[in-house]
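One structure is given below, encoded as structure tokens.
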Amino acid sequence: MAMERLMCGSQQNLEREARMVERLVSMLGDDGLWWTGECKGKPWLGEREWRPYANVHGQGRMMRAMIAWYQYTGNPAWKERIDRLVDGLDRVMVMHKDDYAYFPTGGWIPHMYFQSAYVKGRGWKDTAEVTTEKCSEEGSLFNHQAAVAGPLATWHVLTGNKQALRLSGELVRYLTKPQFWADWTGGDYPGVAGAEHAHWQGHFHGYLNALRSILDYAVAANDSRLKEFVRDGYEWARQAGLARIGWVGDGQGCGCGRLIGLAVKLTYAGAGDYWEDVDLYIRNHGVEMQFTPEDISYLKKLGDGKPAPPKDPTATTQGVIEAAIGGYANHVPPDKNSWSLCCSPHGNMGLFYAWDGTLRYADGVAQINLLLNRASPWMDIDSYIPHEGKVVLRNKTAREAWVRIPLYVNTSAVECRIGDRKVQPEWFGRYMRIENLKMGDVVNIHFPLNESTEQWTAPPAQSGYVLPLPAGTVYTMRFKGNTLIEITPPLLPGSWLYQDRPEKYRTSRA
């Protein structure tokens, strides 16, 4: 019966998936663009008089989704759709000038999140080029316009589409204009040419969007200067907030998710080794901001004694909390108690990049970068961290493994066994090399898992962006390995974030 229910549930998921894909594809126009048209009962799509419209950020997201489906299915219909979307962007929505291109911000729809929308039959209201990044949705040009150049570059890498690479390069040359970086009022920071090193102030997610797209193009074009530019921008970004635990910007779930994605992609590109950062981010804010079943009782208590919401035929409170489980919180005033369509996909994007980076495999070699639980066709990882300094590798097809040991571990104290046999692996930096593996081998890795106490200060808010942490507050953080197990004072007055961790991680046995 359990298997029958599982198969039934899987079939239902496949059917839902098929309906969702069909719905999205139906929104593609003859010009290749992705249009928002008639959708009854969805007032958040804007006034009907402005539809159909093509949202700039939506074009980038749709392209990424279609690229994923093309890789997943191999169906040539996806290639045809993506090629048409590339051509539609190039011919219809983008303004070309000199050697660069940009999307206007002067749309017809006079509401937040609709300003960068091309209205069918009307085009753009104003095609003027803006001179500051601090404009458009949420006060950030990049937040909704920097998401297109990246998938264009990725599409060229996958298929060789030269139009996509050219357009991506034109958009990136716009994104990297000095006027959008460094201090937008003074033009620079003391003692450094900040605009050349991707220093910035402002909308955290917007700039991370831009850096990811620039990196995608840099990889496609093999542009080492741009790779260094993105690396500088990431190094700058990780100084904001309490980046030690992944709290950046205003602590939203999508900020940490984007930071993880950028750190992993930089490491893949060979522009740095940021696995230690990723381990810290994912073990702390990368999972702390996700709504889990343990949060249900707390979330329901927030509504105790409060009046019922006004009657609205398009709204419901039935099952809302349960439906949000797995999503990510968007604000923390002072706790995670609100959900949005921005933070949930981007927070989960961070989970994906951490999962993907945990284990990489090629030509019989398993490279383990993060000591997290991971099942794969090549090798399974059972991690006992942060309760115990123990990791078990269950080999399937690998002939050797390269295992990265975190910075908090003294490599001389690491013990390794294959079955009952003690082995002495070779060391290459933080990686130990375990050779001559056979199918079915079980590798046990042990090391001391010590606690440490650190103090970090909440910095002042950046200009143009709200940082909810009380500036100047000194936080005392207790870590077990890279996992925060206690923080005092609470992140915000009255906040329960991280407050269950002393009990959750007190045991030294997994």
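By convention here, the chains of the structure tokens are called A, B, ... in the order presented, each chain's residues are numbered starting at 1, and ligands are numbered starting at 1 in the order presented.
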In stretch 259-395 of chain A, DSSP strand (DSSP E or B) residues written as a PyMOL selection string = chain A and resi 290+328-329+339+359-362+365-368+374+379-383+390-395
Would you list, as a ChimeraX atom specification, the residues of stretch 175-243 of chain A that end up in alpha helix (DSSP H) under DSSP run on this structure's backbone?
-> /A:175,204-221,224-237
Within 12 Å of stretch 441-463 of chain A, which residues of stretch 352-403 of chain A come that close, and what is the closest atom pair and distance in Å for each? Count only C-alpha atoms and give it as CSV.
residue,atom,partner,partner_atom,distance
A:Leu371,CA,A:Ile445,CA,10.5
A:Trp378,CA,A:Asp441,CA,11.8
A:Met379,CA,A:Asp441,CA,9.8
A:Asp380,CA,A:Val442,CA,9.7
A:Ile381,CA,A:Val443,CA,9.7
A:Asp382,CA,A:Asn444,CA,9.7
A:Ser383,CA,A:Ile445,CA,9.8
A:Tyr384,CA,A:His446,CA,9.9
A:Ile385,CA,A:Leu449,CA,8.2
A:Pro386,CA,A:Leu449,CA,7.6
A:His387,CA,A:Leu449,CA,8.1
A:Glu388,CA,A:Leu449,CA,6.3
A:Gly389,CA,A:Leu449,CA,4.9
A:Lys390,CA,A:His446,CA,4.6
A:Val391,CA,A:Ile445,CA,5.2
A:Val392,CA,A:Asn444,CA,4.7
A:Leu393,CA,A:Val443,CA,4.9
A:Arg394,CA,A:Val442,CA,4.8
A:Asn395,CA,A:Asp441,CA,5.3
A:Lys396,CA,A:Asp441,CA,7.7
A:Thr397,CA,A:Asp441,CA,9.7
A:Ala398,CA,A:Asp441,CA,9.7
A:Arg399,CA,A:Asp441,CA,10.0
A:Glu400,CA,A:Asp441,CA,10.8
A:Ala401,CA,A:Val443,CA,9.9
A:Val403,CA,A:Ile445,CA,9.7
Write out as a count of residues only each polymer residue whose atoms come within 9 Å of stretch 155-167 of chain A, counting only C-alpha atoms; drop sequence neighbours fewer than 2 positions from it.
-> 26
Mind giving me the straight-line distance from atom CA of A:Glu137 to atom CA of A:Gln115 in Å, one decimal?
->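 Computing it gives 7.0 Å between the two atoms.
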Coordinates-based distance that separates atom CA of A:Val278 from atom CA of A:Val264 (Å, one decimal) = 7.3 Å
Quote the spacing between atom CA of A:Met349 and atom CA of A:Asn330 in Å to one decimal place.
->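 For atom CA of A:Met349 relative to atom CA of A:Asn330, the distance reads 14.3 Å.
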List every residue of stretch 44-122 of chain A that has an atom at most 9 Å from any atom of stretch 21-40 of chain A, giving for each one its closest atom pair and the distance in Å to one decimal, counting only C-alpha atoms, sorted by chain and then by ascending residue number, as a Markdown table.
| residue | atom | partner | partner_atom | distance |
| --- | --- | --- | --- | --- |
| A:Leu45 | CA | A:Thr36 | CA | 7.9 |
| A:Arg48 | CA | A:Glu38 | CA | 7.5 |
| A:Trp50 | CA | A:Gly37 | CA | 9.0 |
| A:Arg51 | CA | A:Gly37 | CA | 5.3 |
| A:Pro52 | CA | A:Gly37 | CA | 4.2 |
| A:Tyr53 | CA | A:Thr36 | CA | 5.4 |
| A:Ala54 | CA | A:Trp35 | CA | 4.7 |
| A:Asn55 | CA | A:Trp35 | CA | 7.5 |
| A:Gly58 | CA | A:Trp34 | CA | 7.4 |
| A:Gln59 | CA | A:Trp34 | CA | 6.1 |
| A:Met62 | CA | A:Trp34 | CA | 7.3 |
| A:Arg81 | CA | A:Gly32 | CA | 6.7 |
| A:Ile82 | CA | A:Gly32 | CA | 7.7 |
| A:Asp83 | CA | A:Gly32 | CA | 8.0 |
| A:Arg84 | CA | A:Gly32 | CA | 4.5 |
| A:Leu85 | CA | A:Gly32 | CA | 4.2 |
| A:Val86 | CA | A:Gly32 | CA | 7.5 |
| A:Asp87 | CA | A:Gly32 | CA | 7.1 |
| A:Gly88 | CA | A:Gly32 | CA | 5.2 |
| A:Leu89 | CA | A:Leu33 | CA | 6.9 |
| A:Val92 | CA | A:Asp31 | CA | 8.3 |
| A:Met93 | CA | A:Leu33 | CA | 8.9 |
| A:Lys120 | CA | A:Trp35 | CA | 8.6 |
Which of A:Gly326, A:Trp427, A:Gly191, A:Phe204 sits closest to A:Val248 [using only C-alpha atoms] | A:Phe204
Between A:Trp355, A:Phe103, A:Trp181, A:Tyr505, smallest distance to A:Asp126 by only C-alpha atoms belongs to A:Phe103
